[in-house]
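Participant: Sending over a structure as structure tokens; questions will come in a sec.
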Amino acid sequence: MSSDDAMGRIVRLQDYDTCRPDRVLREMREYWDSIRKGRAIPARSDVDPRGIARTLDYAFILERIAPGAGRMRLAGRHLIDLMGMEVRGMPVCAFLNTSSRGRFSDVLESVFKAPQVAQLTLQGKADYGRPQLSAQMLLLPLRSDLGDVTRALGCLVADGDTGIAPRRFDILDDEVMPIIEGGTTVKPSPSAIGFAEGRTDFKPRGPVRGKPTPDKPATDKPHRGFPQADTPEERRALFRVIQPLPTRTDD
């Protein structure tokens, strides 16, 4: 190579920049802001992979499948390397240790419900063949084609040697931020499970059987009918096994 050719080469330092979680999170947030186009929350259809070319390896898109639960629809190479397998279709909580999944579920649901932005500081514990690993995750709400907030654009960046996959993380810290500067946020809290409603005290319509009333004093006579039991042990003692009678057959 001649000296003239060497002088004519242009090297962009950003192309050789090492992975910095703060840079990846900042560029992802800037891209999300750019596709809002005056709206509070952009749509899933607005996301173009070409717009996040530099952060694509760390990016993912989630679909809300239940309260506090999300499934990977798309995921970059970095996430595949962390798990050691294809992660599309997997629940996002698979990246968390079991002790942190409850808190992550609360934070994720607040992103969809508020909606709002969330950022988490994660740490992978050191183990055999697995050095300690620090990571950052960003969650940005998106609207589906139906207009409801059931999608999220995010990124997960682990800084350091991955070691032996799969790598799972604990939550060290989480922060929620409003989608509009100066707005309010919703504190992540456990969601109600199932269809249970708030508990209400039972109020009998009439006097309780066997209890004294102003016009009926207490009595020591046992109540006729089913035997009464006040404790679980007494109730269990009332159970009886009923054997069926043998079937009579005529010769």
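Residue numbers start at 1 in each chain; chains themselves are named A, B, ... in the order of the structure tokens; ligands are numbered from 1 in the order shown.
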Counting only C-alpha atoms, give me one row per residue of stretch 10-87 of chain A with an atom at most 8 Å from an atom of stretch 168-187 of chain A, showing the shortest contact pair and its distance in Å to one decimal, sorted by chain then residue number, as CSV.

Facilitator:
```
residue,atom,partner,partner_atom,distance
A:Ala40,CA,A:Ile179,CA,6.8
A:Ile41,CA,A:Ile179,CA,7.7
A:Met83,CA,A:Arg168,CA,8.0
```

Participant: The selected residues should be written to file as a compact mmCIF listing (two decimals), in the first residue's frame (atoms: N, CA, C and O atoms).

Facilitator:
```txt
# COMPACT_ATOMS: atom_id res chain seq x y z
N ALA A 40 -47.37 10.88 22.35
CA ALA A 40 -46.81 10.46 23.63
C ALA A 40 -46.05 9.15 23.48
O ALA A 40 -44.95 8.99 24.00
N ILE A 41 -46.63 8.21 22.73
CA ILE A 41 -46.03 6.88 22.59
C ILE A 41 -46.04 6.50 21.11
O ILE A 41 -47.08 6.56 20.46
N MET A 83 -27.82 -15.90 26.52
CA MET A 83 -28.58 -17.10 26.87
C MET A 83 -28.01 -18.36 26.23
O MET A 83 -28.34 -19.47 26.63
```

Participant: So which residues touch stretch 74-81 of chain A within 6 Å, counting only C-alpha atoms, skipping near sequence neighbours fewer than 3 positions away, as a VMD selection string?

Facilitator: chain A and resid 56 to 61 84 to 86 88

Participant: Taking the backbone alone, and naming residues the way the document does, which bits of stretch 54-185 of chain A are strand (DSSP E or B) by DSSP, as a PyMOL selection string?

Facilitator: chain A and resi 59-66+69-75+91+96+117-124+127+130+133-143+151-159+169-177

Participant: For A:Val111, which residue among A:Thr150, A:Ser45, A:Thr55, A:Ser134 is the nearest when counting only C-alpha atoms?

Facilitator: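 Ranking A:Thr150, A:Ser45, A:Thr55, A:Ser134 by distance to A:Val111, first place goes to A:Thr150.
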
Participant: Report as a list in words all protein, DNA and RNA residues lying within 8 Å of A:Asp106, evaluated on only C-alpha atoms, omitting residues in the same chain fewer than 6 positions from it.

Facilitator: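 Counting only C-alpha atoms, the residues come to Gly68, Pro188, Ser189, Pro190 and Ser191 of chain A.
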